[in-house]
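Visitor: final_16.csv is reproduced in full below (CSV, C-alpha atoms).
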```csv
chain,number,residue,atom,x,y,z
A,245,MET,CA,75.7,288.2,172.0
A,246,SER,CA,76.1,284.6,173.0
A,247,LYS,CA,75.5,283.5,176.6
A,248,ALA,CA,78.6,282.6,178.7
A,249,VAL,CA,78.4,279.3,180.6
A,250,LEU,CA,80.8,278.0,183.2
A,251,ILE,CA,80.8,274.2,183.7
A,252,SER,CA,82.5,272.8,186.8
A,253,GLY,CA,83.6,269.2,186.0
A,254,ALA,CA,85.1,267.7,182.8
A,255,GLY,CA,83.6,264.3,183.3
A,256,ILE,CA,80.8,262.6,181.4
A,257,ALA,CA,78.0,265.1,182.3
A,258,GLY,CA,80.2,268.2,181.9
A,259,ALA,CA,81.7,267.1,178.6
A,260,THR,CA,78.4,266.3,177.0
A,261,LEU,CA,76.8,269.6,178.1
A,262,ALA,CA,79.8,271.5,176.8
A,263,TYR,CA,79.4,269.9,173.4
A,264,TRP,CA,75.7,270.7,173.0
A,265,LEU,CA,76.0,274.2,174.4
A,266,VAL,CA,78.9,275.0,172.0
A,267,ARG,CA,76.9,273.5,169.1
A,268,ASN,CA,73.9,275.8,170.1
A,269,GLY,CA,76.0,279.0,170.1
A,270,PHE,CA,77.0,279.4,173.8
A,271,ASP,CA,80.4,280.5,175.0
A,272,VAL,CA,81.5,277.6,177.2
A,273,THR,CA,84.3,277.3,179.8
A,274,VAL,CA,85.0,274.0,181.6
A,275,VAL,CA,87.1,273.9,184.8
A,276,GLU,CA,88.3,270.6,186.2
A,277,ARG,CA,90.1,270.3,189.6
A,278,ALA,CA,92.2,267.3,188.3
A,279,ARG,CA,95.2,268.0,186.3
A,280,LYS,CA,94.4,265.3,183.7
A,281,GLN,CA,91.8,262.7,183.1
A,282,ARG,CA,91.9,259.8,185.5
A,283,SER,CA,92.9,256.3,184.3
A,284,SER,CA,90.8,254.5,187.0
A,285,GLY,CA,87.0,253.9,187.0
A,286,ASN,CA,84.8,251.0,186.1
A,287,PRO,CA,83.5,250.2,182.6
A,288,ILE,CA,80.1,251.8,182.2
A,289,ASP,CA,77.2,251.5,179.9
A,290,VAL,CA,75.9,254.0,177.4
A,291,LYS,CA,72.3,252.8,176.9
A,292,GLY,CA,68.7,253.8,176.7
A,293,PRO,CA,68.2,257.5,176.1
A,294,ALA,CA,71.9,258.2,176.0
A,295,VAL,CA,72.4,256.3,172.8
A,296,GLU,CA,70.5,258.8,170.6
A,297,VAL,CA,72.5,261.6,172.2
A,298,VAL,CA,76.0,260.2,171.5
A,299,GLU,CA,74.8,259.1,168.0
A,300,ALA,CA,73.8,262.7,167.3
A,301,MET,CA,77.2,263.9,168.6
A,302,GLY,CA,78.9,261.7,166.0
A,303,VAL,CA,81.0,259.9,168.6
A,304,MET,CA,79.4,256.5,168.4
A,305,PRO,CA,82.1,255.1,166.0
A,306,ALA,CA,84.8,256.1,168.5
A,307,LEU,CA,82.9,254.6,171.4
A,308,ARG,CA,82.4,251.3,169.5
A,309,ALA,CA,86.2,251.2,168.8
A,310,ALA,CA,86.9,251.6,172.5
A,311,ALA,CA,84.0,249.4,173.7
A,312,SER,CA,84.4,246.1,175.5
A,313,ALA,CA,83.1,242.9,174.0
A,314,VAL,CA,81.7,241.7,177.3
A,315,ASP,CA,78.3,239.9,177.1
A,316,ARG,CA,78.2,237.8,180.2
A,317,MET,CA,79.0,237.6,183.9
A,318,SER,CA,80.1,234.5,185.7
A,319,PHE,CA,80.0,233.9,189.5
A,320,VAL,CA,82.8,231.7,190.7
A,321,ASP,CA,83.8,230.1,194.0
A,322,GLU,CA,87.2,230.5,195.7
A,323,THR,CA,88.7,227.8,193.5
A,324,GLY,CA,87.5,229.5,190.3
A,325,ARG,CA,84.8,227.0,189.6
A,326,LYS,CA,81.8,228.6,187.9
A,327,ARG,CA,78.7,228.4,190.1
A,328,SER,CA,76.3,230.5,188.0
A,329,GLY,CA,76.2,233.2,185.4
A,330,LEU,CA,74.0,235.5,183.2
A,331,ARG,CA,73.9,237.2,179.9
A,332,LEU,CA,74.3,241.0,180.4
A,333,SER,CA,71.7,241.6,177.7
A,334,ALA,CA,69.2,241.1,180.5
A,335,PHE,CA,70.2,244.7,181.6
A,336,GLN,CA,69.9,246.5,178.3
A,337,GLY,CA,68.2,249.9,178.5
A,338,GLY,CA,65.9,249.8,175.5
A,339,ALA,CA,68.3,250.6,172.6
A,340,GLY,CA,69.3,247.0,172.0
A,341,ASP,CA,72.4,246.3,170.0
A,342,ARG,CA,73.1,250.1,169.7
A,343,GLU,CA,74.1,250.2,173.4
A,344,VAL,CA,77.8,250.0,174.3
A,345,GLU,CA,80.0,249.5,177.4
A,346,VAL,CA,83.1,251.7,177.6
A,347,ALA,CA,85.8,252.4,180.2
A,348,ARG,CA,84.9,255.5,182.1
A,349,ALA,CA,88.1,257.4,181.2
A,350,ASP,CA,87.7,256.5,177.5
A,351,LEU,CA,84.0,257.7,177.5
A,352,ALA,CA,84.8,261.0,179.2
A,353,GLY,CA,87.8,261.6,176.9
A,354,ILE,CA,85.8,260.9,173.7
A,355,LEU,CA,82.9,263.1,174.8
A,356,LEU,CA,85.2,266.0,175.9
A,357,GLY,CA,87.2,265.7,172.7
A,358,ALA,CA,84.0,266.4,170.7
A,359,ALA,CA,83.7,269.8,172.4
A,360,ARG,CA,87.3,270.7,173.0
A,361,ASP,CA,87.9,272.6,169.7
A,362,LYS,CA,85.4,275.3,170.7
A,363,ALA,CA,85.0,275.0,174.5
A,364,GLU,CA,87.8,276.3,176.7
A,365,VAL,CA,89.0,273.6,179.1
A,366,ARG,CA,91.1,274.5,182.2
A,367,TRP,CA,92.7,271.6,184.0
A,368,GLY,CA,93.9,272.0,187.5
A,369,GLU,CA,91.4,274.7,188.2
A,370,SER,CA,88.4,275.0,190.6
A,371,ILE,CA,85.9,277.5,191.9
A,372,SER,CA,86.6,279.1,195.3
A,373,ALA,CA,83.6,281.6,195.6
A,374,ILE,CA,80.3,282.2,193.8
A,375,ALA,CA,78.0,285.2,194.0
A,376,GLN,CA,75.0,285.8,191.8
A,377,ASP,CA,72.6,288.6,191.0
A,378,ALA,CA,69.7,289.0,188.6
A,379,GLY,CA,72.0,289.5,185.7
A,380,GLY,CA,74.7,286.9,186.1
A,381,VAL,CA,77.1,285.0,188.3
A,382,ASP,CA,80.5,286.2,189.5
A,383,ILE,CA,83.2,283.6,190.1
A,384,ARG,CA,86.5,283.6,191.9
A,385,PHE,CA,88.8,280.7,191.0
A,386,GLU,CA,91.3,279.0,193.2
A,387,SER,CA,94.1,280.3,190.9
A,388,GLY,CA,93.0,283.8,191.9
A,389,GLY,CA,91.3,284.7,188.6
A,390,THR,CA,87.7,285.9,188.3
A,391,GLY,CA,84.9,285.8,185.7
A,392,ARG,CA,81.3,286.6,185.1
A,393,TYR,CA,78.9,284.1,183.5
A,394,ASP,CA,75.3,283.9,182.5
A,395,TYR,CA,75.0,280.4,183.9
A,396,VAL,CA,77.1,278.2,186.2
A,397,ILE,CA,76.6,274.4,186.1
A,398,GLY,CA,77.9,272.0,188.7
A,399,ALA,CA,78.7,268.8,186.9
A,400,ASP,CA,81.4,268.0,189.5
A,401,GLY,CA,80.2,264.7,190.9
A,402,LEU,CA,79.1,263.1,194.1
A,403,HIS,CA,81.2,265.6,196.2
A,404,SER,CA,80.3,268.6,194.2
A,405,ASN,CA,82.1,271.8,195.0
A,406,VAL,CA,79.4,273.9,193.3
A,407,ARG,CA,76.7,272.2,195.4
A,408,ARG,CA,78.7,272.9,198.6
A,409,LEU,CA,79.2,276.6,197.7
A,410,VAL,CA,75.6,277.3,196.7
A,411,PHE,CA,73.3,274.7,198.3
A,412,GLY,CA,75.3,274.0,201.5
A,413,ASP,CA,77.3,271.2,203.1
A,414,GLU,CA,76.9,267.8,201.5
A,415,ALA,CA,75.9,266.3,204.9
A,416,GLY,CA,72.4,267.7,204.3
A,417,PHE,CA,71.9,266.0,201.0
A,418,ILE,CA,74.0,262.8,200.9
A,419,ARG,CA,72.9,259.4,202.3
A,420,HIS,CA,75.4,256.6,202.7
A,421,MET,CA,73.9,253.4,201.3
A,422,GLY,CA,75.9,251.0,203.4
A,423,MET,CA,78.6,250.1,200.8
A,424,TYR,CA,82.0,251.2,199.5
A,425,ALA,CA,83.6,250.5,196.2
A,426,ALA,CA,87.1,250.7,194.7
A,427,THR,CA,88.2,250.2,191.1
A,428,LEU,CA,91.6,250.2,189.5
A,429,PRO,CA,93.4,248.9,186.3
A,430,VAL,CA,95.1,245.6,186.9
A,431,ASP,CA,97.2,243.0,185.1
A,432,ARG,CA,95.2,240.6,183.0
A,433,VAL,CA,93.8,237.7,185.0
A,434,PHE,CA,91.5,235.9,182.4
A,435,ASP,CA,91.8,235.5,178.7
A,436,ASP,CA,88.1,235.7,177.8
A,437,GLU,CA,87.3,239.1,176.4
A,438,ARG,CA,83.6,238.5,176.8
A,439,GLU,CA,83.3,237.6,180.4
A,440,VAL,CA,83.3,239.5,183.7
A,441,VAL,CA,84.3,237.2,186.6
A,442,MET,CA,82.9,237.8,190.1
A,443,PHE,CA,83.9,236.2,193.4
A,444,ASN,CA,81.7,236.8,196.5
A,445,ARG,CA,82.0,236.4,200.2
A,446,PRO,CA,79.2,237.5,202.4
A,447,GLY,CA,79.0,241.3,202.0
A,448,ARG,CA,82.0,241.3,199.7
A,449,ALA,CA,82.5,241.1,196.0
A,450,ILE,CA,85.5,241.2,193.7
A,451,THR,CA,85.2,241.4,189.9
A,452,VAL,CA,87.6,241.5,187.0
A,453,HIS,CA,86.4,243.0,183.8
A,454,PRO,CA,88.5,242.5,180.6
A,455,SER,CA,87.6,246.0,179.4
A,456,ASN,CA,88.9,245.8,175.8
A,457,GLY,CA,92.4,244.6,176.8
A,458,LYS,CA,92.7,247.0,179.8
A,459,ALA,CA,91.4,244.9,182.7
A,460,VAL,CA,89.7,246.6,185.6
A,461,ALA,CA,89.2,245.2,189.1
A,462,ALA,CA,86.4,246.3,191.4
A,463,PHE,CA,86.2,245.7,195.1
A,464,MET,CA,82.8,246.2,196.7
A,465,PHE,CA,81.9,245.7,200.3
A,466,ARG,CA,79.1,246.4,202.7
A,467,GLN,CA,80.0,248.6,205.6
A,468,ALA,CA,78.4,251.3,207.7
A,469,ALA,CA,79.6,254.9,207.2
A,470,VAL,CA,83.3,255.3,208.2
A,471,PRO,CA,83.8,258.1,210.7
A,472,GLY,CA,86.2,260.7,209.2
A,473,PHE,CA,86.0,259.3,205.7
A,474,ASP,CA,87.8,261.5,203.2
A,475,HIS,CA,87.1,260.8,199.5
A,476,ARG,CA,90.5,262.3,198.6
A,477,ASP,CA,92.6,260.3,201.1
A,478,LEU,CA,94.3,257.5,199.0
A,479,ALA,CA,96.1,256.0,202.0
A,480,GLN,CA,92.8,255.7,203.9
A,481,HIS,CA,91.1,254.1,200.9
A,482,LYS,CA,93.8,251.4,200.7
A,483,ARG,CA,93.5,250.6,204.4
A,484,LEU,CA,89.8,250.2,204.2
A,485,VAL,CA,89.9,247.8,201.2
A,486,ALA,CA,92.8,245.8,202.7
A,487,ALA,CA,90.8,245.4,206.0
A,488,ALA,CA,87.6,244.4,204.2
A,489,PHE,CA,89.3,241.8,202.0
A,490,ALA,CA,92.1,240.4,204.0
A,491,GLY,CA,92.0,236.6,203.5
A,492,ARG,CA,88.8,236.9,201.4
A,493,THR,CA,90.1,237.3,197.8
A,494,GLY,CA,89.6,233.7,196.5
A,495,ILE,CA,91.1,233.2,193.1
A,496,PHE,CA,92.0,236.9,193.0
A,497,THR,CA,95.0,236.6,195.3
A,498,GLY,CA,97.5,239.3,194.3
A,499,LEU,CA,95.0,242.0,193.4
A,500,LEU,CA,95.2,243.6,196.8
A,501,ASP,CA,99.0,243.9,196.3
A,502,GLN,CA,98.3,245.7,193.0
A,503,LEU,CA,95.8,248.0,194.7
A,504,GLN,CA,98.4,248.9,197.4
A,505,ALA,CA,101.0,249.8,194.7
A,506,ALA,CA,98.6,251.9,192.6
A,507,ASP,CA,98.7,255.7,192.6
A,508,ASP,CA,95.3,256.1,190.9
A,509,ILE,CA,92.3,254.3,192.2
A,510,TYR,CA,88.7,255.2,192.4
A,511,PHE,CA,87.3,254.8,195.8
A,512,ASP,CA,84.1,256.2,197.4
A,513,SER,CA,81.0,255.3,199.3
A,514,VAL,CA,77.9,254.2,197.4
A,515,SER,CA,75.7,257.1,198.2
A,516,ARG,CA,72.4,258.7,197.2
A,517,ILE,CA,72.2,262.5,196.6
A,518,SER,CA,68.7,263.9,197.1
A,519,LEU,CA,67.8,267.6,196.8
A,520,PRO,CA,64.4,269.2,196.7
A,521,HIS,CA,65.5,271.2,193.7
A,522,TRP,CA,68.6,271.3,191.4
A,523,SER,CA,68.9,275.0,190.7
A,524,ILE,CA,69.1,278.3,192.5
A,525,GLY,CA,68.9,281.4,190.3
A,526,ARG,CA,71.3,280.9,187.4
A,527,ILE,CA,73.2,278.0,189.0
A,528,ALA,CA,72.2,274.4,188.4
A,529,LEU,CA,73.4,270.9,189.2
A,530,LEU,CA,73.9,268.1,186.6
A,531,GLY,CA,74.7,264.4,186.9
A,532,ASP,CA,75.8,262.9,190.2
A,533,ALA,CA,76.1,266.4,191.7
A,534,GLY,CA,72.3,266.7,191.8
A,535,SER,CA,70.9,263.1,191.7
A,536,SER,CA,73.6,260.5,192.3
A,537,LEU,CA,72.9,256.9,193.2
A,538,SER,CA,76.6,256.0,192.7
A,539,LEU,CA,77.6,252.6,191.2
A,540,PHE,CA,74.1,251.1,190.7
A,541,GLY,CA,72.1,253.9,189.2
A,542,ASP,CA,73.0,254.1,185.5
A,543,GLY,CA,74.8,257.3,186.3
A,544,SER,CA,76.6,257.6,183.0
A,545,THR,CA,73.5,257.2,180.9
A,546,LEU,CA,71.6,259.6,183.1
A,547,ALA,CA,74.5,262.2,182.9
A,548,ILE,CA,74.5,262.1,179.1
A,549,ALA,CA,70.7,262.3,178.8
A,550,GLY,CA,70.5,265.0,181.5
A,551,ALA,CA,73.1,267.1,179.8
A,552,HIS,CA,71.3,267.0,176.5
A,553,ILE,CA,68.0,268.0,178.2
A,554,LEU,CA,69.7,270.9,180.0
A,555,ALA,CA,71.3,272.2,176.8
A,556,GLU,CA,67.9,272.0,175.0
A,557,GLU,CA,66.2,274.0,177.7
A,558,LEU,CA,68.9,276.6,178.0
A,559,THR,CA,68.8,277.0,174.2
A,560,ARG,CA,65.0,277.3,174.2
A,561,THR,CA,64.8,280.1,176.7
A,562,PRO,CA,68.4,281.5,177.3
A,563,ASP,CA,67.1,284.7,178.8
A,564,ASP,CA,64.8,283.1,181.3
A,565,PRO,CA,66.8,281.1,183.9
A,566,ARG,CA,63.7,280.2,185.9
A,567,GLN,CA,61.9,278.7,182.9
A,568,ALA,CA,64.9,276.9,181.5
A,569,LEU,CA,66.2,275.3,184.7
A,570,ALA,CA,62.7,274.4,185.9
A,571,SER,CA,61.9,272.7,182.6
A,572,TYR,CA,65.2,270.8,182.7
A,573,GLU,CA,64.5,269.5,186.2
A,574,ARG,CA,61.0,268.5,185.4
A,575,ARG,CA,62.0,266.5,182.4
A,576,HIS,CA,65.1,264.9,183.8
A,577,ARG,CA,63.6,263.8,187.2
A,578,LYS,CA,61.3,261.5,185.2
A,579,LEU,CA,64.4,259.6,184.1
A,580,VAL,CA,66.2,259.7,187.4
A,581,GLU,CA,63.7,258.7,190.0
A,582,PRO,CA,62.9,255.2,188.7
A,583,LYS,CA,66.7,254.4,188.7
A,584,GLN,CA,67.0,255.5,192.3
A,585,ARG,CA,64.4,253.0,193.4
A,586,GLY,CA,66.3,250.0,192.0
A,587,PHE,CA,69.2,250.0,194.6
A,588,ARG,CA,68.1,247.1,196.7
A,589,ALA,CA,67.7,244.7,193.8
A,590,ALA,CA,71.1,245.7,192.4
A,591,THR,CA,73.0,245.2,195.7
A,592,ALA,CA,71.3,241.8,196.2
A,593,LEU,CA,72.6,240.7,192.8
A,594,MET,CA,76.1,242.1,193.1
A,595,VAL,CA,76.9,242.0,196.8
A,596,PRO,CA,74.7,239.5,198.7
A,597,GLY,CA,75.1,240.0,202.5
A,598,THR,CA,75.1,236.4,203.6
A,599,ALA,CA,76.2,233.0,202.4
A,600,ALA,CA,72.5,232.0,201.9
A,601,GLY,CA,72.1,235.2,199.9
A,602,ILE,CA,74.9,234.2,197.6
A,603,ALA,CA,73.5,230.8,197.0
A,604,LEU,CA,70.0,232.3,196.4
A,605,ARG,CA,71.5,234.8,193.9
A,606,ASN,CA,73.3,232.0,192.0
A,607,THR,CA,70.1,230.1,191.7
A,608,ALA,CA,67.9,233.1,190.8
A,609,VAL,CA,70.1,234.5,188.0
A,610,ARG,CA,69.6,231.3,186.0
A,611,PHE,CA,66.1,232.5,185.4
A,612,LEU,CA,67.4,235.8,183.8
A,613,ARG,CA,68.8,233.9,180.9
```
Using the file provided, produce a representation of the structure as C-alpha cells.
Guide:
Amino acid sequence: MSKAVLISGAGIAGATLAYWLVRNGFDVTVVERARKQRSSGNPIDVKGPAVEVVEAMGVMPALRAAASAVDRMSFVDETGRKRSGLRLSAFQGGAGDREVEVARADLAGILLGAARDKAEVRWGESISAIAQDAGGVDIRFESGGTGRYDYVIGADGLHSNVRRLVFGDEAGFIRHMGMYAATLPVDRVFDDEREVVMFNRPGRAITVHPSNGKAVAAFMFRQAAVPGFDHRDLAQHKRLVAAAFAGRTGIFTGLLDQLQAADDIYFDSVSRISLPHWSIGRIALLGDAGSSLSLFGDGSTLAIAGAHILAEELTRTPDDPRQALASYERRHRKLVEPKQRGFRAATALMVPGTAAGIALRNTAVRFLR
C-alpha cells in the first residue's frame, strides 16, 4: 500500500516534491490557500543543484521557452544615465549555460503541471488543525473536511501555516533583516530584453526586469520592522511602499501609480527563518518554511534541490520517519547554511544604505566583469 503524503503549498517547493513523490509511488495531495497561482513575483534563477533536478523532471525545455534573456544589470542615475553595470554570469551557481531565469509564476506553474496528472491539487484550501500519533497524522481542513496521512509537509512559505500549527508562533523563528520588498508586473519601460535596470537612492532600490516580455518591477527598501505588519494586508503594503519612495523614483516615475492600482503584488519583509530542527514526528518543513532567507538566498534553487532530497529520503525509508527526515535535514542543511551567510554582501550590492555606498558599489562591480 502506497504512503499518503499531504503537502501544504503549491509553490516551487511543494510542486517539485509532489512530482518526485508521485513518480516514486506515493499518494500525494497538495493543498494551497490561494484560489489560483499568483501573477506577481520576481524572476528567479534555477541554477546549481536545481538544474539536474528539473532536467530529470523533463521540464527544462518548457523552462527555457519561458526564460528571460537577461544577461546584465545596469545601475543608472535619476536621469537614466548608466553609471555602472555587470554581467549576471558572475552569479552563476555552477551549472553554467544550463542555468535559467524564469518568472516565479511560470516556474511554479510548470513544476506543478509536471505532477498535476497524478497528484490531487486543492486550490482555496488550507489546514486548520493537526494531530499526530505513531502511525500517522490526522488533519482537519478549513473547509471542514478531514484526512489521515502518513506524512505532512509544510512547503507553505515564509509565514508557514504548518510551522505555526506544529512548531509554534513564527515570532520564535523569524528574524527581520531590516528590509522590505515589493514586486509587481508593470508596463514595459525599456526595450532591451537582456538588461535589468536599477536606480538607487540611499537605502532604496527600484529595478525593472524585462522578464521575457512581461516586465516586473521591484521596490526594495531598508526599514526596521513595522509594528503591526500583516503580510496579507494589501492596503498596508501599498502605503509602506508609497511612503518609502515618495519623490525617490528617478526615471521610474509612474511605477508607484501602477503599484497603487494593482490588485496582485508581492510584498513582504526580507527575513531569515531559523529552526533547530525541521521535523517533528511525521511532519516536516521544506523550502522557505524551514530555512528562508527571502529575496537574497537562492530560495528557488534550494527549494527544488531540497524537495528532491526529501523525496529521495522518504522513498529510501518510507516506514521510518525518524531516519528519513533526519537524513533529509542533514543533507539539505549543507546547501542552505552557506547561502544564509551571504546576506550582507547581497544587500550591499543591491540596496546600499548611503550615497557613498552607492558610489562604492558602482566602482566595485566593474571588477566583477
Visitor: Need to verify the contact set: Arg560 (chain A), 12 Å, all atoms listed in the file, exclusion of same-chain residues closer than 2 positions in sequence. Can you return it as a PyMOL selection string?
Guide: chain A and resi 265+268-269+553-558+562-565+567-569+571-572
Visitor: Could you pull the residues within 9 Å of region 525-528 of chain A, counting all atoms listed in the file, minus those fewer than 2 positions along the same chain, as a list in words?
Guide: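 Contacts, with the query itself left out: Gln376, Asp377, Ala378, Gly379, Gly380, Val381, Asp394, Tyr395, Val396, Ile397, Gly398, Ala399, Val406, Arg407, Val410, Trp522, Ser523, Leu530, Gly534, Pro565, Arg566 and Leu569 of chain A.
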Visitor: Emit the selected residues as a tab-separated table (two decimals), keeping the file's coordinate frame, including C-alpha atoms.
Guide:
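Below you can see again_1.tsv, which holds the result:
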```tsv
chain	number	residue	atom	x	y	z
A	376	GLN	CA	75.00	285.80	191.80
A	377	ASP	CA	72.60	288.60	191.00
A	378	ALA	CA	69.70	289.00	188.60
A	379	GLY	CA	72.00	289.50	185.70
A	380	GLY	CA	74.70	286.90	186.10
A	381	VAL	CA	77.10	285.00	188.30
A	394	ASP	CA	75.30	283.90	182.50
A	395	TYR	CA	75.00	280.40	183.90
A	396	VAL	CA	77.10	278.20	186.20
A	397	ILE	CA	76.60	274.40	186.10
A	398	GLY	CA	77.90	272.00	188.70
A	399	ALA	CA	78.70	268.80	186.90
A	406	VAL	CA	79.40	273.90	193.30
A	407	ARG	CA	76.70	272.20	195.40
A	410	VAL	CA	75.60	277.30	196.70
A	522	TRP	CA	68.60	271.30	191.40
A	523	SER	CA	68.90	275.00	190.70
A	530	LEU	CA	73.90	268.10	186.60
A	534	GLY	CA	72.30	266.70	191.80
A	565	PRO	CA	66.80	281.10	183.90
A	566	ARG	CA	63.70	280.20	185.90
A	569	LEU	CA	66.20	275.30	184.70
```
Visitor: Rank nothing, just name the residue among A:Ala311, A:Ala468, A:Ala352, A:Ala549 nearest to Glu437 (chain A), using all atoms listed in the file.
Guide: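 Among A:Ala311, A:Ala468, A:Ala352, A:Ala549, it is A:Ala311 that comes nearest to Glu437 (chain A).
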Visitor: Residues of region 513-590 of chain A within 9 Å of region 272-295 of chain A: nearest atom pair and distance (Å, one decimal) for each, counting all atoms listed in the file, sorted by chain and number, as a Markdown table?
Guide:
```
| residue | atom | partner | partner_atom | distance |
| --- | --- | --- | --- | --- |
| A:Leu539 | CA | A:Asn286 | CA | 9.0 |
| A:Asp542 | CA | A:Asp289 | CA | 7.5 |
| A:Gly543 | CA | A:Ile288 | CA | 8.7 |
| A:Ser544 | CA | A:Val290 | CA | 6.7 |
| A:Thr545 | CA | A:Ala294 | CA | 5.3 |
| A:Leu546 | CA | A:Ala294 | CA | 7.2 |
| A:Ala547 | CA | A:Ala294 | CA | 8.4 |
| A:Ile548 | CA | A:Ala294 | CA | 5.6 |
| A:Ala549 | CA | A:Ala294 | CA | 5.1 |
| A:Gly550 | CA | A:Ala294 | CA | 8.9 |
| A:His552 | CA | A:Ala294 | CA | 8.8 |
```
Visitor: Using all atoms listed in the file, determine which residues lie at most 12 Å from Gly601 (chain A), disregarding the query and same-chain residues fewer than 2 positions distant; provide the list as number ranges by chain.
Guide: A: 444-448, 591-599, 603-608
Visitor: Distance table requested - region 287-333 of chain A against region 356-365 of chain A, cut-off 9 Å, all atoms listed in the file: one row per qualifying residue with the closest atom pair and its distance in Å to one decimal, ordered by chain and rising residue number, as JSON lines.
Guide:
```
{"residue": "A:Met301", "atom": "CA", "partner": "A:Ala358", "partner_atom": "CA", "distance": 7.5}
{"residue": "A:Gly302", "atom": "CA", "partner": "A:Ala358", "partner_atom": "CA", "distance": 8.4}
{"residue": "A:Val303", "atom": "CA", "partner": "A:Ala358", "partner_atom": "CA", "distance": 7.5}
```
Visitor: Taking all atoms listed in the file into account, name the residue in A:Glu296, A:Asp350, A:Glu573, A:Asp532 that is nearest to Phe417 (chain A).
Guide: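 Checking each of A:Glu296, A:Asp350, A:Glu573, A:Asp532 against Phe417 (chain A), counting all atoms listed in the file, the winner is A:Asp532.
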Visitor: If I take CA of Tyr424 (chain A) and CA of Phe443 (chain A), how far is one from the other in Å, to one decimal?
Guide: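 The value is 16.3 Å.
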Visitor: Which is closest to Ala461 (chain A) among A:Phe385, A:Arg308, A:Ala347, A:His475, if we use only C-alpha atoms?
Guide: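 Of all the options, A:Ala347 lies closest to Ala461 (chain A).
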Visitor: Which residue is closest to Ala248 (chain A)? Choose from A:Pro520, A:Gly368, A:Gly391, A:Gly353 and count all atoms listed in the file.
Guide: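 Checking each of A:Pro520, A:Gly368, A:Gly391, A:Gly353 against Ala248 (chain A), counting all atoms listed in the file, the winner is A:Gly391.
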Visitor: Quick check, in Å to one decimal: how far apart do CA of Tyr263 (chain A) and CA of His521 (chain A) lie?
Guide: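 For CA of Tyr263 (chain A) relative to CA of His521 (chain A), the distance reads 24.6 Å.
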Visitor: How many Å separate CA of Thr260 (chain A) from CA of Ile354 (chain A)?
Guide: 9.7 Å
Visitor: Any idea what's packed within 7 Å of region 479-483 of chain A, counting only C-alpha atoms, ignoring anything in its chain fewer than 3 positions away? Could you give it as a list of chain:residue names?
Guide: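 Near region 479-483 of chain A, the qualifying residues are A:Ala486, A:Ala487, A:Gln504, A:Phe511.
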Visitor: Could you tell me which of A:Ala570, A:Ile524, A:Ala254, A:Val314 comes closest to Asp436 (chain A) if we count only C-alpha atoms?
Guide: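 Of all the options, A:Val314 lies closest to Asp436 (chain A).
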Visitor: As a PDB file with C-alpha atoms, in the coordinates of the input, please: the residues near Thr323 (chain A) (cut-off 8 Å, only C-alpha atoms, same-chain neighbours under 2 positions excluded).
Guide:
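Result saved to selection_35.pdb:
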```pdb
ATOM      1  CA  VAL A 320      82.800 231.700 190.700  1.00  0.00           C
ATOM      2  CA  ASP A 321      83.800 230.100 194.000  1.00  0.00           C
ATOM      3  CA  ARG A 325      84.800 227.000 189.600  1.00  0.00           C
ATOM      4  CA  GLY A 494      89.600 233.700 196.500  1.00  0.00           C
ATOM      5  CA  ILE A 495      91.100 233.200 193.100  1.00  0.00           C
TER       6      ILE A 495
END
```
Visitor: Go through A:Leu484, A:Val441, A:Arg610, A:Ala551 and flag the residue nearest Ala262 (chain A), using only C-alpha atoms for the distances.
Guide: A:Ala551
Visitor: How big is the axis-aligned box around the listed atoms of region 321-331 of chain A once 8 Å is added on each side, and where is its centre? Give both in Å to one decimal, as AutoDock Vina command-line options.
Guide:
```
--center_x 81.3 --center_y 232.1 --center_z 187.8 --size_x 30.8 --size_y 26.2 --size_z 31.8
```
